[in-house]
Structure formats: structure tokens, C-alpha cells
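Colleague: First, the structure itself, so that you have it in front of you.
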Amino acid sequence: MMRRVPLRFWKYHGLGNDFVLVEGPLMDAARARRVCDRHRGVGADGVVTILPPRTAGAAAEMHIYNADGSVAEMCGNAVRCLARHLAETRGLEGRIRIDTGAGPKECTLHRGPRGEVEAVSVEMGPARLEGEQDFRVGGEALHALRVSMGNPHAVIFEPAPSRERAAALGPPIERAVPGGVNVGFARASAGGLDLVVWERGAGLTDACGTGACAATVAAVRRGEVRPGAPVEVRLPGGALRVTVSADLAQVTMRGPAERVFEGEAEL
């Protein structure tokens, strides 16, 4: 049997939404699934491959495999992790532009008093409303607002979003949309939003950056939160701050990105 070439990797997470970062070339989907396996691999919600930039001024291109080997156009937590990684490994500062499947994203590092990275802000670009859609799951009727953040979301507002609800209702809703959809269960409360997301291709995660943006866009649309002001979006893994302009043309997300460890694996 041919010995596999060792894979050099870095493990990061954003509010518990975790990723394995690797330098290109791009691996195949089967290897990405092995890397993400939490029992036989490194374990992650996705694999981020760092590729050469495609547009002028960008530092790198981000390619994302979900844990099931499917490709994600964009991931808000992953792009924050990559921005921190590029700053720490390449000495980049200020604004860091990263090419993604949903277009270039501008990232800004926020450092603490000792110079440590406390948070990363990302200009997520414009949101696109894609109408309303009703889903029927197990005899229950669920009304969703469809929002694109470069990847598709269905945001459902309900009195008590929970991980149990998301785990039960998320999979059939994800499969009901051609190509799949991220499903967010949201509630406006205490001046912010409570949110649990079933992620397309990854399942139930502790946090979803684009899901937080989509939910805030939907809440602005419904008049639940004010446009132009930071909104605290509380996810199982912690809180993100999302600001949405009144015309939905500017969406900014701010949150942490943490390096966990690095190593090599024969997978």
C-alpha cells in the first residue's frame, strides 16, 4: 500500500465552528472527509485550503470543503480564522483581502492591549433577499425568509429556537431546496438575536457566521432590529456582532478567531 503524503495543517475555530487550514494544492473531497472525521481524522466542520489569490490586492483565495465533502461558497467563521492565520504566518496587518467563492472579502484585525488578536471584522458584502418559502416537516408548517450571503439561507423565526429543534427540522429543510440550504432558527430578544443554525454539508454547528448575517438581515427586514447599528447575535458557541445597512448593501460581521493547534497527519 502506498504511504500517504503527510498533511501539514493548522486547527482554528470561530466560536466553536472549527476548521482545518492547509496550504494548497487542493485536495480531493474524499480526503477532506477523512480530515474532518472526528473519530479517525483531525476533526472539523470543514477544510479550508489556502490558494493563490485570484484578484488584485488579495492575499489569498479561500476554498472550503464542508465535513461531508461538499463545497461551500462562503463561511464567515472560516474567513475570520484565515485572516488571523495569514496575519500570524505572513506578517500581514491592516486590511486583509481574501478571495472566496462569494467574491473578495475585506477583513480587519482588532488587537488587544498586548497586541493579541481579539477579534476580526469582515465586510461581508451585500445581502440578497430571495423571497419567502414555506416548509412542511412532520405536519408542522414553517415559514422562512430566504437570504443569500453568497451562500443560501432559510431563516425561520420562532418563540424558542433550540439545538434540538434545529437537529430535528434542519435536515429535511436542507434537502427540500435544490442544492441544499443553511437553516437558521432565530428569535429577537434582549436587544439582539438568539440563533441556532443547521449548516448545509456540516450539520449542527456551534456557530455560523453567514447564518448570523442572514438572520440579522431577516430581522432588519421584519423590523425586529434597527439597521445601521451593531446587533448581538447569540449562538450556542458565543456571540457575533453584525451590522446591516438599511438598503442591505453593507453587512459587517465581527467576532473571534482562535488557533487551537498545528501538526501533521497521514490521512
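We label chains A, B, ... in the order they appear in the C-alpha cells, count residues from 1 in each chain, and number ligands from 1 in the order shown.
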Mind checking which residues fall within 6 Å of stretch 123-137 of chain A, counting only C-alpha atoms, ignoring those fewer than 2 positions away in the same chain, and posting them as a PyMOL selection string?
Modeller: chain A and resi 105-106+139-149+248-252
Colleague: Convert the current residue selection to file output with C-alpha atoms, as a compact mmCIF listing (two decimals), in the first residue's frame.
Modeller:
# COMPACT_ATOMS: atom_id res chain seq x y z
CA LYS A 105 -13.94 39.83 1.46
CA GLU A 106 -12.14 42.60 3.34
CA GLY A 139 -47.07 18.00 9.93
CA GLU A 140 -45.61 21.33 11.10
CA ALA A 141 -45.74 24.39 8.82
CA LEU A 142 -42.62 26.56 8.93
CA HIS A 143 -42.34 29.97 7.28
CA ALA A 144 -38.87 31.11 6.19
CA LEU A 145 -37.29 34.20 4.68
CA ARG A 146 -34.68 33.22 2.12
CA VAL A 147 -31.46 35.28 2.23
CA SER A 148 -28.27 34.87 0.23
CA MET A 149 -24.94 35.89 1.72
CA LEU A 248 -28.91 45.67 2.83
CA ALA A 249 -25.95 46.67 0.65
CA GLN A 250 -23.45 46.54 3.51
CA VAL A 251 -23.21 43.73 6.04
CA THR A 252 -20.34 43.67 8.54
Colleague: With 10 Å as the cut-off and only C-alpha atoms counted, what is the closest atom pair between each nearby residue of stretch 125-230 of chain A and stretch 63-71 of chain A? Distances in Å to one decimal, ordered by chain and number, as a tab-separated table.
Modeller:
residue	atom	partner	partner_atom	distance
A:Glu199	CA	A:Asn66	CA	9.2
A:Arg200	CA	A:Asn66	CA	8.1
A:Gly201	CA	A:Asn66	CA	5.4
A:Ala202	CA	A:Ala67	CA	5.2
A:Gly203	CA	A:Ala67	CA	8.6
Colleague: With only C-alpha atoms as the basis for distance, which of A:Trp10, A:Phe19, A:Phe157, A:Phe261 is at the shortest distance from A:Gly184?
Modeller: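 Answer, going by the shortest atom-to-atom distance: A:Phe157.
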Colleague: Any idea what's packed within 12 Å of stretch 90-93 of chain A, counting only C-alpha atoms, ignoring anything in its chain fewer than 4 positions away? Could you give it as a PyMOL selection string?
Modeller: chain A and resi 58-60+82-86+97+107-111+115+117+120
Colleague: Pick out the residues sitting within 6 Å of stretch 211-227 of chain A, and hand them over as an NGL selection string; count only C-alpha atoms, and ignore anything fewer than 5 positions along from it in its own chain.
Modeller: :A and (147 or 155 or 244-246)
Colleague: Please return, as an mmCIF file with C-alpha atoms, in the first residue's frame, all residues of stretch 66-127 of chain A that DSSP assigns to helix (DSSP H, G or I) on the basis of the backbone.
Modeller:
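Result file follows (result-v1.cif):
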data_model
loop_
_atom_site.group_PDB
_atom_site.id
_atom_site.type_symbol
_atom_site.label_atom_id
_atom_site.label_comp_id
_atom_site.auth_asym_id
_atom_site.auth_seq_id
_atom_site.Cartn_x
_atom_site.Cartn_y
_atom_site.Cartn_z
ATOM 1 C CA GLY A 76 -17.948 33.775 7.871
ATOM 2 C CA ASN A 77 -16.204 31.974 10.724
ATOM 3 C CA ALA A 78 -13.688 30.368 8.364
ATOM 4 C CA VAL A 79 -12.718 33.647 6.701
ATOM 5 C CA ARG A 80 -12.009 35.200 10.121
ATOM 6 C CA CYS A 81 -9.817 32.221 11.007
ATOM 7 C CA LEU A 82 -7.944 32.509 7.725
ATOM 8 C CA ALA A 83 -7.415 36.246 8.187
ATOM 9 C CA ARG A 84 -5.824 35.644 11.590
ATOM 10 C CA HIS A 85 -3.720 32.806 10.174
ATOM 11 C CA LEU A 86 -2.417 34.988 7.331
ATOM 12 C CA ALA A 87 -1.576 37.751 9.787
ATOM 13 C CA GLU A 88 0.355 35.411 12.055
ATOM 14 C CA THR A 89 2.154 33.331 9.407
ATOM 15 C CA ARG A 90 2.797 36.000 6.770
#
Colleague: Report as a VMD selection string all protein, DNA and RNA residues lying within 8 Å of stretch 11-15 of chain A, evaluated on only C-alpha atoms, omitting residues in the same chain fewer than 4 positions from it.
Modeller: chain A and resid 19 to 21 77 to 78 80 to 81 206 to 207 237 to 239 255 to 262
Colleague: Write out, as a short mmCIF file (atom, residue, chain, number, x, y, z; two decimals), in the first residue's frame, the residues just selected, with C-alpha atoms.
Modeller:
data_model
loop_
_atom_site.label_atom_id
_atom_site.label_comp_id
_atom_site.auth_asym_id
_atom_site.auth_seq_id
_atom_site.Cartn_x
_atom_site.Cartn_y
_atom_site.Cartn_z
CA PHE A 19 -11.69 24.24 10.64
CA VAL A 20 -8.54 22.56 9.45
CA LEU A 21 -6.43 25.02 7.43
CA ASN A 77 -16.20 31.97 10.72
CA ALA A 78 -13.69 30.37 8.36
CA ARG A 80 -12.01 35.20 10.12
CA CYS A 81 -9.82 32.22 11.01
CA ASP A 206 -21.80 25.85 17.44
CA ALA A 207 -21.81 28.95 15.24
CA GLY A 237 -20.78 28.87 20.81
CA GLY A 238 -20.91 32.57 21.69
CA ALA A 239 -21.85 35.94 20.22
CA GLY A 255 -16.13 38.01 16.07
CA PRO A 256 -13.22 35.98 17.44
CA ALA A 257 -10.91 33.53 15.68
CA GLU A 258 -8.71 31.21 17.73
CA ARG A 259 -5.81 28.94 16.81
CA VAL A 260 -6.06 25.58 18.58
CA PHE A 261 -3.01 23.60 17.44
CA GLU A 262 -0.96 22.59 14.39
#
Colleague: Would you mind reading off the distance between atom CA of A:Glu164 and atom CA of A:Asp194, one decimal, in Å?
Modeller: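 Between these atoms lies a distance of 14.3 Å.
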Colleague: Go through A:Ala154, A:Val47, A:Met62, A:Asp99 one by one, measure the shortest atom-to-atom distance of each to A:Arg175 using only C-alpha atoms, and give the residue with the smallest value.
Modeller: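 Under the stated criterion, the closest residue is A:Ala154.
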